[in-house]
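The structure appears below as structure tokens.
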Amino acid sequence: MSIIAQYGDVFIILACIFGFFMAWGVGANDVANAMGTSVGSKAITIRQAILIAVVFEFLGAWLAGGQVTDTIRKGIIDPSLLSDDPQLLVYGMLASLLAAGVWLFIASMRGWPVSTTHSIVGAIVGFAVAGLGVDSVGWPKVGQIAASWVVSPLLAGSIAFALFKSVQFLIFENRDPFAAAKRYVPGYIFLVGFIVAMVTLVKGLSHVGLKMSFGDSLLIAIGIGLVVMVIGILMENRVDRAKRKRGGSPFDFNSVERVFGVLMMFTACAMAFAHGSNDVANAVGPLAAVISVVESNGDVGGAAALPWWVLVLGGGGIVVGLITYGHKVIATVGTGITELTPSRGFAATLAAAATVVLASGTGLPVSTTQTLVGAVLGVGLARGITALNMRVLGTIVLSWVITLPAGALLSIMFFFMFKGFFG
Amino acid sequence: MVTSNPFSALFGRSPFEPLLAHIVKTSECAERLLPFFDATQAGNWDDAATHREAITELEHEADTLKTELRLNLPNSMFLPVSRSDLLELISVQDKIANKARDITGIMLGRQMQVPESLAPSMRAYLETAIATVGQARKALEELQELLDSGFGRNVGDLMQDFIRELHDLEHQADDQQVHIRRQLFELEAELPPVDVIFLYKIIEWIGELSDRAERVGSRLQILTAR
């Protein structure tokens with residue numbers, strides 16, 4: 001108890017610094033993967049991508065990031081076992097933040113697409129097992145998180161498969177694909193607005209102080225979806241049929257893809273929102289845990305409300321990371337993905353975004369990168385992508401596997417370091 | 001600082017680009033046969049040799065593309081079409097370029113000149129064969145768009161139109177071949193026998209150009225069928 005009273009302010013300041021550092025890493029590394037598909041399909045420019053990311057990452061973090069933050073804060077470690085030594089929880093959370101931040105920094109420099117979620121979950125489980133004992137970990141929750149690593153790519157892959165198949169059926173196989181695209185794409189835009197609005201209203205907004213019934217949320221989400229759809233139709237009207245390259249071919253591919261380009265702008269926003277809502281929690285969760293322990297003066301089980309500025313700090317960190325470093329990564333990732341047309345990119349991105357916002361709604365931290373890779377594979381299975389390099393997939397999966405022990409080892413190291421400093 | 005991001009590398013290089021590049025080289029190869037033929041008829045052997053060199057050069061380039069495609073089609077690639085169909089297609093394409101080179105080789109080497117009375121129908125026959133190769137190239141260019149949309153149903157119909165026209169051209173070439181053979185048969189007695197043998201050979205090979213171009217079409221159909 002005395003340690004917390006003595007060093008309370010120091011802990012909070014350290015947590016803020018480390019949390020910001022980690023959020024910076026999320027912005028610098030992870031956002032690029034989330035925005036890469038949109039830039040790669042040439043639906044949006046890099047400049048637009050950064051603008052979209054800045055606005056919607058922040059909104060996502062602030063409006064819908066609360067649930068996942070709670071899971072990271074008190075879902076993984078069983079707080080009741082720590083009521084005698086609350087300072088250990090503080091050390092651990094500080095160590096986890098620093099470990100995940102350092103690991104993300106190293107990975108960003110090397111260009112590995114590691115998962116921020118894996119880093120932080122690995123770090124928290126690592127210090128908890130080494131420092132507090134195996135019993136301190138809430139294994140059912142960890143199991144749930146681990147299962148989601150398999151389930152979320154599968155789910156995103158299935159959704160992406162279904163979406164691309166529906167596009168093929170409704171638009172590409174139509175006698176006049178361009179007219180069909182203009183007719184059906186607003187429907188997809190509605191879907192984007194509706195899903196994001198629905199999850200945000202039902203699960204996200206509670207910590208901002210808004211509580212609504214399911215029916216009200218449904219009506220408002222439909223309304224938001226319709227508004228977004230109208231904006232989409234207005235933008236779409238500016239797309240005309242392109243002049244044919246050569247006569248004879250009734251298949252007007254370029255014009256169709258330009259209609260999808262409009263849709264892609266909306267899915268890019270949804271993806272940034274989804275990413276912000278899920279991944280900012282990785283940085284903010286441990287920070288919130290430290291704050292709640294210090295503020296309640298050592299009461300680990302305390303139900304202290306999440307201070308609003310914590311999510312703002314996380315969102316801000318992501319934005320700073322994105323502006324200072326992420327734009328370079330977006331440029332590399334974006335220009336590398338040449339195989340992606342707007343119609344494919346749309347299916348992959350919307351599927352990933354939908355999966356991630358759903359996961360955020362239920363409070364599960366999932367890996368955005370992993371979900372997106374699952375979605376891309378789904379589009380590939382629908383015969384939408386001409387070539388996928390499966391060996392690289394292995395590399396990506398490997399980098400995730402390495403991330404867990406790396407995060408754990410670093411956090412154990414930092415944990416004992418803090419324990420030595422503060423006693 | 002980020003050199004290569006595996007996430008962007010996940011999207012492998014499409015094998016259809018080299019495939020298209022290959023048929024472009026092949027059809028250029030075939031198109032060169034016409035000026036080559038005109039040069040041999042004019043007895044301008046220096047000119048003919050230049051055309052032959054150009055054709056050999058194009059054939060080499062096509063060969064390089066073929067090897068590249070074969071080597072860069074590892075099993076770790078996830079493709080929307082069957083790997084073996086792709087390899088089959090490129091080898092059929094490659095045979096067109098080979099045949100074009102063989103025709104110039106034998107004609108230049110033996111300083112062959114088609115008899116005056118046979119020349120017009122021979123030239124028309126060659127033109128048809130070259131048009132067939134050009135049609136195969138068009139069909140392949142169409143495939144590029146097909147892949148971009150993930151094989152729509154009516155795009156498949158479009159493909160069929162291309163292949164039907166390819167078939168018609170090949171049929172026309174066959175008719176021309178029968179006609180030329182008959183003409184040559186009537187001339188046989190007046191010509192040196194060895195020359196006649198090689199003339200029959202050239203006629204057969206030109207026919208093979210269009211045959212193989214049509215085969216490219218049927219491979220494409222197999223490729224897009226499933």
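The way I read the labels, and the way they are meant: chains A, B, ... in the order of the structure tokens, residue 1 as the first residue of every chain, and ligand 1 as the first ligand shown, with later ones counted on from there.
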Within 7 Å of chain B: residues of chain A, using only C-alpha atoms, as a list in words: Met109, Arg110, Gly111, Trp112, Pro113, Gln168, Phe172, Glu173, Val329, Val333, Gly336, Ile337, Glu339, Arg383, Gly384, Thr386, Ala387, Leu388, Asn389, Met390, Arg391, Val392, Leu393 and Ile396 of chain A
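Around Ser152 in chain A, within 9 Å and counting only C-alpha atoms, the residues found are Ala147, Ser148, Trp149, Val150, Leu154, Leu155, Ala156, Gly157, Ala352, Thr355, Val356, Ala359, Val366, Ser367, Gln370, Thr371 and Gly374 of chain A, once anything fewer than 2 positions away on its own chain is removed.
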Take the residues from that selection and put them in a file with C-alpha atoms, as a PDB file, in the first residue's frame.
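Saved as part37.pdb:
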ATOM      1  CA  ALA A 147      -9.192 -19.035 -29.929  1.00  0.00           C
ATOM      2  CA  SER A 148     -10.105 -15.722 -31.509  1.00  0.00           C
ATOM      3  CA  TRP A 149      -6.740 -15.728 -33.260  1.00  0.00           C
ATOM      4  CA  VAL A 150      -7.959 -18.700 -35.231  1.00  0.00           C
ATOM      5  CA  LEU A 154     -11.612 -17.679 -40.472  1.00  0.00           C
ATOM      6  CA  LEU A 155     -14.606 -15.441 -39.942  1.00  0.00           C
ATOM      7  CA  ALA A 156     -13.077 -12.599 -41.953  1.00  0.00           C
ATOM      8  CA  GLY A 157     -12.142 -15.073 -44.684  1.00  0.00           C
ATOM      9  CA  ALA A 352     -11.810  -7.538 -41.934  1.00  0.00           C
ATOM     10  CA  THR A 355     -14.842  -8.871 -37.972  1.00  0.00           C
ATOM     11  CA  VAL A 356     -12.717  -6.456 -35.983  1.00  0.00           C
ATOM     12  CA  ALA A 359     -14.667  -8.446 -31.848  1.00  0.00           C
ATOM     13  CA  VAL A 366      -7.936  -9.601 -32.097  1.00  0.00           C
ATOM     14  CA  SER A 367      -5.060  -9.029 -34.447  1.00  0.00           C
ATOM     15  CA  GLN A 370      -4.210 -11.440 -38.995  1.00  0.00           C
ATOM     16  CA  THR A 371      -7.852 -10.723 -39.699  1.00  0.00           C
ATOM     17  CA  GLY A 374      -7.627 -14.052 -43.487  1.00  0.00           C
TER      18      GLY A 374
END
Shell of 10 Å around Ile206 in chain B, only C-alpha atoms, local chain residues under 3 positions omitted, as number ranges by chain: B: 30, 33, 96, 99-100, 103, 122, 125-130, 173, 177, 201-203, 209-211
If you keep N, CA, C and O atoms, can you produce a file of those selected residues as a compact mmCIF listing (two decimals), in the first residue's frame?
# COMPACT_ATOMS: atom_id res chain seq x y z
N ALA B 30 5.47 -14.10 -85.45
CA ALA B 30 4.71 -14.58 -86.60
C ALA B 30 4.50 -13.47 -87.62
O ALA B 30 4.60 -13.70 -88.84
N LEU B 33 6.95 -12.87 -90.37
CA LEU B 33 7.06 -13.85 -91.46
C LEU B 33 6.67 -13.24 -92.80
O LEU B 33 7.20 -13.61 -93.84
N ILE B 96 4.56 -22.03 -81.15
CA ILE B 96 4.25 -21.14 -82.28
C ILE B 96 5.51 -20.39 -82.69
O ILE B 96 5.88 -20.35 -83.87
N LYS B 99 8.01 -22.63 -84.37
CA LYS B 99 7.65 -22.98 -85.73
C LYS B 99 7.98 -21.82 -86.68
O LYS B 99 8.52 -22.05 -87.76
N ALA B 100 7.69 -20.61 -86.26
CA ALA B 100 7.98 -19.45 -87.11
C ALA B 100 9.47 -19.38 -87.40
O ALA B 100 9.89 -19.14 -88.54
N ILE B 103 10.49 -22.10 -89.94
CA ILE B 103 10.12 -21.78 -91.31
C ILE B 103 11.18 -20.89 -91.95
O ILE B 103 11.65 -21.16 -93.07
N MET B 122 -0.10 -18.50 -101.63
CA MET B 122 0.79 -18.80 -100.51
C MET B 122 0.83 -17.62 -99.52
O MET B 122 0.78 -17.81 -98.30
N TYR B 125 -2.38 -17.43 -97.63
CA TYR B 125 -2.38 -18.53 -96.65
C TYR B 125 -1.58 -18.13 -95.41
O TYR B 125 -2.03 -18.30 -94.27
N LEU B 126 -0.41 -17.56 -95.66
CA LEU B 126 0.44 -17.11 -94.56
C LEU B 126 -0.25 -16.02 -93.73
O LEU B 126 -0.21 -16.03 -92.50
N GLU B 127 -0.93 -15.12 -94.45
CA GLU B 127 -1.65 -14.05 -93.75
C GLU B 127 -2.71 -14.61 -92.81
O GLU B 127 -2.86 -14.15 -91.68
N THR B 128 -3.43 -15.62 -93.28
CA THR B 128 -4.45 -16.23 -92.43
C THR B 128 -3.82 -16.86 -91.19
O THR B 128 -4.32 -16.69 -90.07
N ALA B 129 -2.71 -17.56 -91.40
CA ALA B 129 -2.04 -18.20 -90.27
C ALA B 129 -1.61 -17.16 -89.24
O ALA B 129 -1.80 -17.34 -88.02
N ILE B 130 -1.06 -16.03 -89.75
CA ILE B 130 -0.62 -14.96 -88.83
C ILE B 130 -1.82 -14.35 -88.10
O ILE B 130 -1.76 -14.06 -86.91
N ALA B 173 -7.64 -21.37 -92.91
CA ALA B 173 -6.26 -21.74 -93.21
C ALA B 173 -6.21 -23.16 -93.77
O ALA B 173 -5.48 -23.44 -94.73
N GLN B 177 -4.88 -24.37 -97.35
CA GLN B 177 -3.82 -25.36 -97.45
C GLN B 177 -4.16 -26.42 -98.51
O GLN B 177 -3.33 -26.77 -99.35
N LYS B 201 6.74 -29.21 -97.15
CA LYS B 201 7.12 -29.04 -95.73
C LYS B 201 6.72 -27.65 -95.22
O LYS B 201 6.10 -27.51 -94.16
N ILE B 202 7.05 -26.62 -96.03
CA ILE B 202 6.73 -25.25 -95.62
C ILE B 202 5.21 -25.06 -95.49
O ILE B 202 4.72 -24.48 -94.52
N ILE B 203 4.49 -25.60 -96.48
CA ILE B 203 3.02 -25.50 -96.44
C ILE B 203 2.50 -26.13 -95.15
O ILE B 203 1.65 -25.57 -94.46
N LEU B 209 1.26 -23.38 -87.68
CA LEU B 209 1.15 -22.10 -86.96
C LEU B 209 -0.29 -21.87 -86.52
O LEU B 209 -0.57 -21.59 -85.35
N SER B 210 -1.22 -22.00 -87.48
CA SER B 210 -2.62 -21.73 -87.13
C SER B 210 -3.19 -22.84 -86.25
O SER B 210 -3.99 -22.58 -85.35
N ASP B 211 -2.73 -24.08 -86.49
CA ASP B 211 -3.17 -25.19 -85.62
C ASP B 211 -2.86 -24.90 -84.17
O ASP B 211 -3.69 -25.04 -83.27
Residue among B:Val196, B:Leu118, B:Ala97, B:Leu140 lying closest to Glu208 in chain B, counting only C-alpha atoms: B:Ala97
Contact residues around Ala283 in chain A with only C-alpha atoms at 7 Å, ignoring same-chain residues under 5 positions, as a VMD selection string: chain A and resid 19 22 to 23 97 314
